[in-house]
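Q: Below is the structure I would like to discuss, written out as structure tokens.
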Amino acid sequence: METKNCNLVYNGHTCTEHYYRYILGYHFTDGVMDVAKTEQCFWFFDVVISAQLKPKVKNEEFQVWVLNRIRDDEFVVFATNGNWVENIEDFEGLTQEENDLNILYKQKIPFSDFKFDTFKVFVSTFDKVIYLPSEH
């Protein structure tokens, strides 16, 4: 079964013309606002921003946030410092324990009707902007 990647659908967003104010002073780019509205997944961004209250997360200037389907309607949301790798077997000498140290936050979502299997955004805590990888 082919993985349905939300980022592939929205990768036409390569820059932004507007920044949309959200909660706690964070801003969405055009691409993020398009995904949030179209896919009705503001809840995902609420998780991302609420986690910014944790020092381990807040102190990381660049973050990669991922939403992955576990099975059926169950998901996991996790944040990394950008150094986490999905397939550690591709990196000789990297242990799972070392890789896991790059995870800043993890939360299980017991139910969501999000139609994609995976979705990724970048967060800059320096300027409080959430953006799509294609907008980087």
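Quick note on naming: the chains in the structure tokens go A, B, ... in the order shown, residues restart at 1 in each chain, and ligands are numbered from 1 in order of appearance.
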As a list of chain:residue names, please: every residue in region 100-129 of chain A that a backbone DSSP assignment puts in strand (DSSP E).
A: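 So, restricting region 100-129 of chain A to strand (DSSP E), we get A:Ile103, A:Leu104, A:Tyr105, A:Lys106, A:Gln107, A:Lys108, A:Ile109, A:Thr118, A:Phe119, A:Lys120, A:Val121, A:Phe122, A:Val123, A:Ser124, A:Val129.
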Q: Need the shell around region 87-103 of chain A: protein/DNA/RNA residues with any atom at most 10 Å away, counting only C-alpha atoms. Skip same-chain ones fewer than 5 positions apart. Format as a PyMOL selection string?
A: chain A and resi 56-57+63-65+78-82
Q: How about saving the chosen residues, N, CA, C and O atoms kept, as a PDB file, in the first residue's frame?
A:
```pdb
ATOM      1  N   LYS A  56      12.503  21.736  26.943  1.00  0.00           N
ATOM      2  CA  LYS A  56      13.300  20.939  25.998  1.00  0.00           C
ATOM      3  C   LYS A  56      12.903  21.261  24.557  1.00  0.00           C
ATOM      4  O   LYS A  56      13.737  21.282  23.662  1.00  0.00           O
ATOM      5  N   VAL A  57      11.626  21.521  24.340  1.00  0.00           N
ATOM      6  CA  VAL A  57      11.133  21.840  23.000  1.00  0.00           C
ATOM      7  C   VAL A  57      11.421  23.303  22.683  1.00  0.00           C
ATOM      8  O   VAL A  57      12.017  23.632  21.652  1.00  0.00           O
ATOM      9  N   GLN A  63      12.938  22.985  14.647  1.00  0.00           N
ATOM     10  CA  GLN A  63      12.257  21.731  14.977  1.00  0.00           C
ATOM     11  C   GLN A  63      11.590  21.151  13.736  1.00  0.00           C
ATOM     12  O   GLN A  63      11.091  21.888  12.895  1.00  0.00           O
ATOM     13  N   VAL A  64      11.582  19.841  13.679  1.00  0.00           N
ATOM     14  CA  VAL A  64      10.845  19.120  12.641  1.00  0.00           C
ATOM     15  C   VAL A  64       9.721  18.380  13.347  1.00  0.00           C
ATOM     16  O   VAL A  64       9.969  17.584  14.258  1.00  0.00           O
ATOM     17  N   TRP A  65       8.492  18.658  12.935  1.00  0.00           N
ATOM     18  CA  TRP A  65       7.321  18.008  13.529  1.00  0.00           C
ATOM     19  C   TRP A  65       6.709  17.058  12.513  1.00  0.00           C
ATOM     20  O   TRP A  65       6.520  17.416  11.346  1.00  0.00           O
ATOM     21  N   PHE A  78       5.376  13.616  16.681  1.00  0.00           N
ATOM     22  CA  PHE A  78       6.644  13.766  17.382  1.00  0.00           C
ATOM     23  C   PHE A  78       7.450  14.898  16.773  1.00  0.00           C
ATOM     24  O   PHE A  78       7.255  15.279  15.618  1.00  0.00           O
ATOM     25  N   ALA A  79       8.328  15.434  17.604  1.00  0.00           N
ATOM     26  CA  ALA A  79       9.205  16.529  17.186  1.00  0.00           C
ATOM     27  C   ALA A  79      10.641  16.093  17.350  1.00  0.00           C
ATOM     28  O   ALA A  79      10.986  15.385  18.296  1.00  0.00           O
ATOM     29  N   THR A  80      11.472  16.531  16.413  1.00  0.00           N
ATOM     30  CA  THR A  80      12.901  16.267  16.508  1.00  0.00           C
ATOM     31  C   THR A  80      13.661  17.581  16.356  1.00  0.00           C
ATOM     32  O   THR A  80      13.094  18.586  15.956  1.00  0.00           O
ATOM     33  N   ASN A  81      14.942  17.513  16.651  1.00  0.00           N
ATOM     34  CA  ASN A  81      15.799  18.678  16.476  1.00  0.00           C
ATOM     35  C   ASN A  81      16.361  18.743  15.056  1.00  0.00           C
ATOM     36  O   ASN A  81      17.273  19.502  14.787  1.00  0.00           O
ATOM     37  N   GLY A  82      15.835  17.930  14.170  1.00  0.00           N
ATOM     38  CA  GLY A  82      16.297  17.916  12.784  1.00  0.00           C
ATOM     39  C   GLY A  82      17.381  16.895  12.518  1.00  0.00           C
ATOM     40  O   GLY A  82      17.729  16.643  11.369  1.00  0.00           O
TER      41      GLY A  82
END
```
Q: Point out the residue among A:Val9, A:Val77, A:Val48, A:Leu53 with the least atom-to-atom distance to Phe28 (chain A), counting only C-alpha atoms.
A: A:Val48
Q: Hey, what does DSSP flag as helix (DSSP H, G or I) within chain A? Can you give it to me as a JSON list (two decimals) with N, CA, C and O atoms, in the first residue's frame?
A:
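New file part-v7.json:
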```json
[["chain", "number", "residue", "atom", "x", "y", "z"],
["A", 6, "CYS", "N", 1.00, 13.93, 2.87],
["A", 6, "CYS", "CA", 0.36, 15.24, 2.74],
["A", 6, "CYS", "C", 1.30, 16.26, 2.10],
["A", 6, "CYS", "O", 0.87, 17.09, 1.30],
["A", 7, "ASN", "N", 2.59, 16.19, 2.42],
["A", 7, "ASN", "CA", 3.54, 17.16, 1.88],
["A", 7, "ASN", "C", 3.66, 17.09, 0.36],
["A", 7, "ASN", "O", 3.88, 18.12, -0.28],
["A", 8, "LEU", "N", 3.47, 15.91, -0.22],
["A", 8, "LEU", "CA", 3.54, 15.79, -1.68],
["A", 8, "LEU", "C", 2.37, 16.52, -2.34],
["A", 8, "LEU", "O", 2.52, 17.08, -3.42],
["A", 9, "VAL", "N", 1.22, 16.54, -1.68],
["A", 9, "VAL", "CA", 0.05, 17.21, -2.22],
["A", 9, "VAL", "C", 0.21, 18.73, -2.15],
["A", 9, "VAL", "O", -0.22, 19.45, -3.05],
["A", 23, "ILE", "N", -1.88, 31.06, 17.76],
["A", 23, "ILE", "CA", -1.80, 31.19, 19.21],
["A", 23, "ILE", "C", -0.35, 31.29, 19.71],
["A", 23, "ILE", "O", 0.58, 30.87, 19.04],
["A", 24, "LEU", "N", -0.18, 31.87, 20.89],
["A", 24, "LEU", "CA", 1.10, 32.07, 21.57],
["A", 24, "LEU", "C", 2.12, 32.81, 20.70],
["A", 24, "LEU", "O", 3.33, 32.59, 20.82],
["A", 25, "GLY", "N", 1.63, 33.66, 19.79],
["A", 25, "GLY", "CA", 2.53, 34.47, 18.97],
["A", 25, "GLY", "C", 3.13, 33.75, 17.78],
["A", 25, "GLY", "O", 3.97, 34.29, 17.08],
["A", 30, "ASP", "N", 1.60, 30.66, 4.15],
["A", 30, "ASP", "CA", 0.49, 30.36, 3.25],
["A", 30, "ASP", "C", 0.25, 28.86, 3.13],
["A", 30, "ASP", "O", -0.88, 28.39, 3.17],
["A", 31, "GLY", "N", 1.33, 28.09, 3.00],
["A", 31, "GLY", "CA", 1.20, 26.65, 2.85],
["A", 31, "GLY", "C", 0.60, 25.97, 4.07],
["A", 31, "GLY", "O", -0.28, 25.12, 3.96],
["A", 32, "VAL", "N", 1.07, 26.36, 5.24],
["A", 32, "VAL", "CA", 0.55, 25.77, 6.48],
["A", 32, "VAL", "C", -0.92, 26.14, 6.66],
["A", 32, "VAL", "O", -1.74, 25.29, 7.02],
["A", 33, "MET", "N", -1.27, 27.38, 6.37],
["A", 33, "MET", "CA", -2.67, 27.78, 6.49],
["A", 33, "MET", "C", -3.55, 27.00, 5.51],
["A", 33, "MET", "O", -4.66, 26.59, 5.86],
["A", 34, "ASP", "N", -3.05, 26.76, 4.31],
["A", 34, "ASP", "CA", -3.79, 25.99, 3.32],
["A", 34, "ASP", "C", -4.05, 24.57, 3.83],
["A", 34, "ASP", "O", -5.18, 24.07, 3.77],
["A", 35, "VAL", "N", -3.03, 23.92, 4.36],
["A", 35, "VAL", "CA", -3.19, 22.57, 4.90],
["A", 35, "VAL", "C", -4.15, 22.58, 6.09],
["A", 35, "VAL", "O", -5.07, 21.76, 6.16],
["A", 36, "ALA", "N", -3.95, 23.49, 7.02],
["A", 36, "ALA", "CA", -4.78, 23.54, 8.24],
["A", 36, "ALA", "C", -6.25, 23.71, 7.89],
["A", 36, "ALA", "O", -7.11, 23.02, 8.46],
["A", 37, "LYS", "N", -6.55, 24.62, 6.96],
["A", 37, "LYS", "CA", -7.94, 24.86, 6.59],
["A", 37, "LYS", "C", -8.52, 23.72, 5.75],
["A", 37, "LYS", "O", -9.60, 23.21, 6.04],
["A", 38, "THR", "N", -7.80, 23.32, 4.71],
["A", 38, "THR", "CA", -8.31, 22.32, 3.78],
["A", 38, "THR", "C", -8.47, 20.96, 4.44],
["A", 38, "THR", "O", -9.47, 20.27, 4.23],
["A", 42, "PHE", "N", -6.24, 21.85, 12.41],
["A", 42, "PHE", "CA", -5.71, 22.84, 13.36],
["A", 42, "PHE", "C", -5.29, 22.16, 14.66],
["A", 42, "PHE", "O", -4.39, 22.64, 15.35],
["A", 43, "TRP", "N", -5.93, 21.05, 14.99],
["A", 43, "TRP", "CA", -5.59, 20.31, 16.20],
["A", 43, "TRP", "C", -4.12, 19.91, 16.22],
["A", 43, "TRP", "O", -3.47, 19.91, 17.27],
["A", 44, "PHE", "N", -3.57, 19.53, 15.05],
["A", 44, "PHE", "CA", -2.16, 19.15, 14.95],
["A", 44, "PHE", "C", -1.27, 20.34, 15.35],
["A", 44, "PHE", "O", -0.31, 20.20, 16.12],
["A", 45, "PHE", "N", -1.60, 21.51, 14.86],
["A", 45, "PHE", "CA", -0.82, 22.70, 15.16],
["A", 45, "PHE", "C", -0.99, 23.13, 16.62],
["A", 45, "PHE", "O", -0.08, 23.69, 17.22],
["A", 46, "ASP", "N", -2.15, 22.84, 17.21],
["A", 46, "ASP", "CA", -2.35, 23.08, 18.64],
["A", 46, "ASP", "C", -1.39, 22.22, 19.46],
["A", 46, "ASP", "O", -0.83, 22.68, 20.45],
["A", 47, "VAL", "N", -1.18, 20.96, 19.03],
["A", 47, "VAL", "CA", -0.22, 20.08, 19.71],
["A", 47, "VAL", "C", 1.18, 20.66, 19.59],
["A", 47, "VAL", "O", 1.92, 20.75, 20.57],
["A", 48, "VAL", "N", 1.55, 21.06, 18.37],
["A", 48, "VAL", "CA", 2.88, 21.63, 18.12],
["A", 48, "VAL", "C", 3.13, 22.84, 19.01],
["A", 48, "VAL", "O", 4.17, 22.94, 19.67],
["A", 49, "ILE", "N", 2.18, 23.74, 19.05],
["A", 49, "ILE", "CA", 2.38, 24.98, 19.80],
["A", 49, "ILE", "C", 2.30, 24.75, 21.31],
["A", 49, "ILE", "O", 3.09, 25.31, 22.07],
["A", 50, "SER", "N", 1.40, 23.90, 21.76],
["A", 50, "SER", "CA", 1.32, 23.65, 23.21],
["A", 50, "SER", "C", 2.59, 22.99, 23.72],
["A", 50, "SER", "O", 3.01, 23.24, 24.85],
["A", 51, "ALA", "N", 3.24, 22.20, 22.89],
["A", 51, "ALA", "CA", 4.50, 21.56, 23.30],
["A", 51, "ALA", "C", 5.62, 22.58, 23.46],
["A", 51, "ALA", "O", 6.62, 22.32, 24.14],
["A", 55, "PRO", "N", 10.38, 23.26, 28.19],
["A", 55, "PRO", "CA", 11.71, 23.83, 27.95],
["A", 55, "PRO", "C", 12.54, 23.06, 26.91],
["A", 55, "PRO", "O", 13.21, 23.68, 26.09],
["A", 56, "LYS", "N", 12.50, 21.74, 26.94],
["A", 56, "LYS", "CA", 13.30, 20.94, 26.00],
["A", 56, "LYS", "C", 12.90, 21.26, 24.56],
["A", 56, "LYS", "O", 13.74, 21.28, 23.66],
["A", 57, "VAL", "N", 11.63, 21.52, 24.34],
["A", 57, "VAL", "CA", 11.13, 21.84, 23.00],
["A", 57, "VAL", "C", 11.42, 23.30, 22.68],
["A", 57, "VAL", "O", 12.02, 23.63, 21.65],
["A", 58, "LYS", "N", 10.99, 24.18, 23.55],
["A", 58, "LYS", "CA", 11.11, 25.63, 23.34],
["A", 58, "LYS", "C", 12.55, 26.07, 23.08],
["A", 58, "LYS", "O", 12.80, 26.98, 22.30],
["A", 88, "ILE", "N", 17.64, 4.18, 10.66],
["A", 88, "ILE", "CA", 18.99, 4.24, 11.24],
["A", 88, "ILE", "C", 19.92, 3.21, 10.61],
["A", 88, "ILE", "O", 21.13, 3.39, 10.63],
["A", 89, "GLU", "N", 19.35, 2.16, 10.02],
["A", 89, "GLU", "CA", 20.21, 1.16, 9.37],
["A", 89, "GLU", "C", 20.98, 1.75, 8.18],
["A", 89, "GLU", "O", 21.99, 1.20, 7.76],
["A", 90, "ASP", "N", 20.55, 2.90, 7.70],
["A", 90, "ASP", "CA", 21.25, 3.59, 6.61],
["A", 90, "ASP", "C", 22.47, 4.37, 7.11],
["A", 90, "ASP", "O", 23.25, 4.88, 6.31],
["A", 96, "GLN", "N", 20.02, 3.15, 18.00],
["A", 96, "GLN", "CA", 18.65, 3.62, 18.23],
["A", 96, "GLN", "C", 18.62, 4.59, 19.41],
["A", 96, "GLN", "O", 17.93, 5.60, 19.36],
["A", 97, "GLU", "N", 19.39, 4.28, 20.44],
["A", 97, "GLU", "CA", 19.42, 5.15, 21.62],
["A", 97, "GLU", "C", 19.95, 6.54, 21.27],
["A", 97, "GLU", "O", 19.38, 7.55, 21.69],
["A", 98, "GLU", "N", 21.00, 6.60, 20.48],
["A", 98, "GLU", "CA", 21.54, 7.90, 20.05],
["A", 98, "GLU", "C", 20.52, 8.66, 19.21],
["A", 98, "GLU", "O", 20.34, 9.86, 19.35],
["A", 99, "ASN", "N", 19.85, 7.95, 18.32],
["A", 99, "ASN", "CA", 18.85, 8.56, 17.45],
["A", 99, "ASN", "C", 17.69, 9.10, 18.28],
["A", 99, "ASN", "O", 17.19, 10.20, 18.03],
["A", 100, "ASP", "N", 17.26, 8.33, 19.27],
["A", 100, "ASP", "CA", 16.12, 8.75, 20.10],
["A", 100, "ASP", "C", 16.42, 10.01, 20.91],
["A", 100, "ASP", "O", 15.49, 10.73, 21.29],
["A", 133, "PRO", "N", 8.08, 22.03, 4.60],
["A", 133, "PRO", "CA", 9.44, 21.82, 4.09],
["A", 133, "PRO", "C", 9.66, 22.43, 2.70],
["A", 133, "PRO", "O", 10.75, 22.94, 2.42],
["A", 134, "SER", "N", 8.66, 22.41, 1.86],
["A", 134, "SER", "CA", 8.79, 22.99, 0.52],
["A", 134, "SER", "C", 8.91, 24.50, 0.55],
["A", 134, "SER", "O", 9.34, 25.11, -0.43],
["A", 135, "GLU", "N", 8.57, 25.11, 1.68],
["A", 135, "GLU", "CA", 8.68, 26.57, 1.83],
["A", 135, "GLU", "C", 10.02, 26.98, 2.46],
["A", 135, "GLU", "O", 10.26, 28.16, 2.66]]
```
Q: Would you write out, as CSV, a table of all residues in region 87-134 of chain A that have an atom no more than 12 Å from an atom of region 18-21 of chain A, listing for each the closest atom pair and the distance in Å to one decimal, considering only C-alpha atoms and ordering rows by chain and rising residue number?
A:
```
residue,atom,partner,partner_atom,distance
A:Asp127,CA,A:Tyr19,CA,11.4
A:Lys128,CA,A:Arg21,CA,9.8
A:Val129,CA,A:Tyr19,CA,8.2
A:Ile130,CA,A:Tyr19,CA,9.5
A:Tyr131,CA,A:Tyr19,CA,9.9
```
Q: Could you dump the residues just selected with N, CA and C atoms as a JSON list (two decimals), in the first residue's frame?
A:
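File result_4.json, as written:
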```
[["chain", "number", "residue", "atom", "x", "y", "z"],
["A", 127, "ASP", "N", 11.84, 32.98, 15.16],
["A", 127, "ASP", "CA", 10.87, 33.96, 14.66],
["A", 127, "ASP", "C", 9.42, 33.49, 14.78],
["A", 128, "LYS", "N", 9.23, 32.33, 15.44],
["A", 128, "LYS", "CA", 7.90, 31.78, 15.72],
["A", 128, "LYS", "C", 7.07, 31.57, 14.45],
["A", 129, "VAL", "N", 7.67, 30.89, 13.47],
["A", 129, "VAL", "CA", 7.00, 30.59, 12.22],
["A", 129, "VAL", "C", 6.94, 29.08, 12.02],
["A", 130, "ILE", "N", 5.78, 28.61, 11.58],
["A", 130, "ILE", "CA", 5.58, 27.22, 11.22],
["A", 130, "ILE", "C", 5.42, 27.18, 9.71],
["A", 131, "TYR", "N", 6.21, 26.34, 9.03],
["A", 131, "TYR", "CA", 6.18, 26.32, 7.58],
["A", 131, "TYR", "C", 6.38, 24.90, 7.04]]
```
Q: Using only C-alpha atoms, pick whichever of A:Asn83, A:Gln107, A:Asn68, A:Asn11 has the shortest atom-to-atom distance to Phe119 (chain A).
A: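 Distance minimum relative to Phe119 (chain A) lands on A:Asn68.
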Q: CA of Leu104 (chain A) to CA of Asp117 (chain A): how many Å, to one decimal?
A: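 Separation of CA of Leu104 (chain A) and CA of Asp117 (chain A): 21.2 Å.
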Q: Nearest residue to Trp84 (chain A) out of A:Asn59, A:Thr16, A:Val66, A:His27, using only C-alpha atoms?
A: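 Nearest candidate to Trp84 (chain A) out of A:Asn59, A:Thr16, A:Val66, A:His27: A:Val66.
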